[in-house]
Amino acid sequence: KKKGAWAGWGTPEDSFWCCYATGVLQWSKMADSIYFLAENRKDVYVNLFFSSALTTKGIIQKSMFPEETRTTIVKTTHENFDLLLRIPYWAAVNDIKLQVRGHNCDLIAAGVKSESYISLMKVCRLTEMKKD
């Protein structure tokens, strides 16, 4: 097989390339990229949006993506840390709706841009100031 060539699907007996195993592996590897600890070992980056849990930080994420275009993240601990939510390059910030404790957050005022992360602590502070 020529490097970089399109392989198509093989047959069980005569043509089974390593790409098949790699393709299957990628689905299982997604789980290790949902959450990352920040350099301060306290704050948490949320990179992917599907049902999962980060039990060491008491985070539970519920999602029905792609059937629904929303996700719910619940923090079940009183530990003080920031959640940083990834905004993909294809997401229009104007179309993103974020609620924290039932309050709508103004992402434009918070300076959120595509291909970045939303700091929930920052957004919550701005939302609280706006209510006053």
# chains A, B, ... in the order shown; residues from 1 in each chain; ligands from 1
>>> select_by_dssp(residues="chain A", states="strand (DSSP E)", output="PyMOL selection string")
chain A and resi 35-37+44-46+52-54+59-63+71-75+83-87+99-100+103-104+116-119
>>> closest_residue(among="A:Glu67, A:Asp106, A:Asp43, A:Asp95", to="A:Glu79", atoms="only C-alpha atoms")
A:Asp43
>>> residues_around(residues="stretch 107-113 of chain A", least_positions_apart="4", cutoff="8 Å", atoms="only C-alpha atoms", output="ChimeraX atom specification")
/A:87,93-94,98,117-118,122-123,126
>>> write_last_selection(atoms="C-alpha atoms", output="PDB file, in the first residue's frame")
ATOM      1  CA  ILE A  87     -15.225  27.607  22.146  1.00  0.00           C
ATOM      2  CA  VAL A  93     -20.067  33.529  19.903  1.00  0.00           C
ATOM      3  CA  ASN A  94     -23.352  35.368  19.191  1.00  0.00           C
ATOM      4  CA  LEU A  98     -24.501  30.307  28.597  1.00  0.00           C
ATOM      5  CA  TYR A 117     -11.964  29.383  26.322  1.00  0.00           C
ATOM      6  CA  ILE A 118     -14.697  30.912  28.479  1.00  0.00           C
ATOM      7  CA  LYS A 122     -14.835  35.858  34.809  1.00  0.00           C
ATOM      8  CA  VAL A 123     -18.267  35.520  33.190  1.00  0.00           C
ATOM      9  CA  LEU A 126     -19.419  40.249  35.005  1.00  0.00           C
TER      10      LEU A 126
END
>>> closest_residue(among="A:Met64, A:Leu54, A:Ile34, A:Leu120", to="A:Asp82", atoms="only C-alpha atoms")
A:Leu120
>>> atom_distance(atom1="atom CA of A:Leu83", atom2="atom CA of A:Tyr45")
6.0 Å
>>> atom_distance(atom1="atom CA of A:Met30", atom2="atom CA of A:Phe50")
10.2 Å
>>> atom_distance(atom1="atom CA of A:Leu48", atom2="atom CA of A:Leu85")
8.7 Å
>>> decode(residues="stretch 47-65 of chain A", atoms="N, CA, C and O atoms", output="compact mmCIF listing (two decimals), in the first residue's frame")
# COMPACT_ATOMS: atom_id res chain seq x y z
N ASN A 47 -12.74 20.49 27.16
CA ASN A 47 -12.42 20.53 25.74
C ASN A 47 -13.49 19.92 24.85
O ASN A 47 -13.64 20.32 23.71
N LEU A 48 -14.19 18.91 25.34
CA LEU A 48 -15.19 18.21 24.54
C LEU A 48 -16.51 18.20 25.30
O LEU A 48 -16.54 18.19 26.53
N PHE A 49 -17.60 18.17 24.54
CA PHE A 49 -18.91 18.28 25.15
C PHE A 49 -19.73 17.03 24.90
O PHE A 49 -20.50 16.96 23.96
N PHE A 50 -19.53 16.02 25.75
CA PHE A 50 -20.42 14.87 25.76
C PHE A 50 -20.44 14.27 27.15
O PHE A 50 -19.61 14.60 27.99
N SER A 51 -21.45 13.47 27.41
CA SER A 51 -21.68 12.96 28.76
C SER A 51 -20.43 12.31 29.32
O SER A 51 -19.84 11.43 28.69
N SER A 52 -20.06 12.78 30.50
CA SER A 52 -18.82 12.31 31.12
C SER A 52 -18.77 12.82 32.55
O SER A 52 -19.62 13.59 32.97
N ALA A 53 -17.76 12.39 33.27
CA ALA A 53 -17.55 12.87 34.64
C ALA A 53 -16.06 12.96 34.91
O ALA A 53 -15.28 12.14 34.43
N LEU A 54 -15.71 13.96 35.68
CA LEU A 54 -14.35 14.10 36.20
C LEU A 54 -14.51 14.00 37.71
O LEU A 54 -14.71 15.00 38.40
N THR A 55 -14.47 12.78 38.21
CA THR A 55 -14.81 12.53 39.61
C THR A 55 -13.84 13.19 40.57
O THR A 55 -14.24 13.58 41.67
N THR A 56 -12.58 13.35 40.19
CA THR A 56 -11.61 13.96 41.09
C THR A 56 -11.93 15.42 41.37
O THR A 56 -11.49 15.97 42.38
N LYS A 57 -12.70 16.06 40.50
CA LYS A 57 -13.09 17.46 40.68
C LYS A 57 -14.60 17.62 40.90
O LYS A 57 -15.09 18.73 41.02
N GLY A 58 -15.33 16.52 40.93
CA GLY A 58 -16.77 16.59 41.16
C GLY A 58 -17.52 17.24 40.01
O GLY A 58 -18.49 17.96 40.22
N ILE A 59 -17.09 16.98 38.79
CA ILE A 59 -17.75 17.56 37.60
C ILE A 59 -18.51 16.45 36.88
O ILE A 59 -17.98 15.38 36.62
N ILE A 60 -19.78 16.75 36.58
CA ILE A 60 -20.61 15.83 35.80
C ILE A 60 -21.13 16.62 34.60
O ILE A 60 -21.68 17.71 34.75
N GLN A 61 -20.92 16.07 33.41
CA GLN A 61 -21.40 16.70 32.19
C GLN A 61 -22.43 15.79 31.54
O GLN A 61 -22.19 14.60 31.37
N LYS A 62 -23.57 16.38 31.20
CA LYS A 62 -24.64 15.63 30.54
C LYS A 62 -24.91 16.27 29.19
O LYS A 62 -25.12 17.48 29.11
N SER A 63 -24.90 15.45 28.15
CA SER A 63 -25.09 15.96 26.80
C SER A 63 -25.77 14.91 25.95
O SER A 63 -25.56 13.72 26.15
N MET A 64 -26.56 15.36 25.01
CA MET A 64 -27.19 14.47 24.03
C MET A 64 -26.67 14.80 22.63
O MET A 64 -27.32 14.52 21.64
N PHE A 65 -25.49 15.45 22.57
CA PHE A 65 -24.92 15.83 21.29
C PHE A 65 -24.67 14.58 20.44
O PHE A 65 -24.24 13.58 20.97
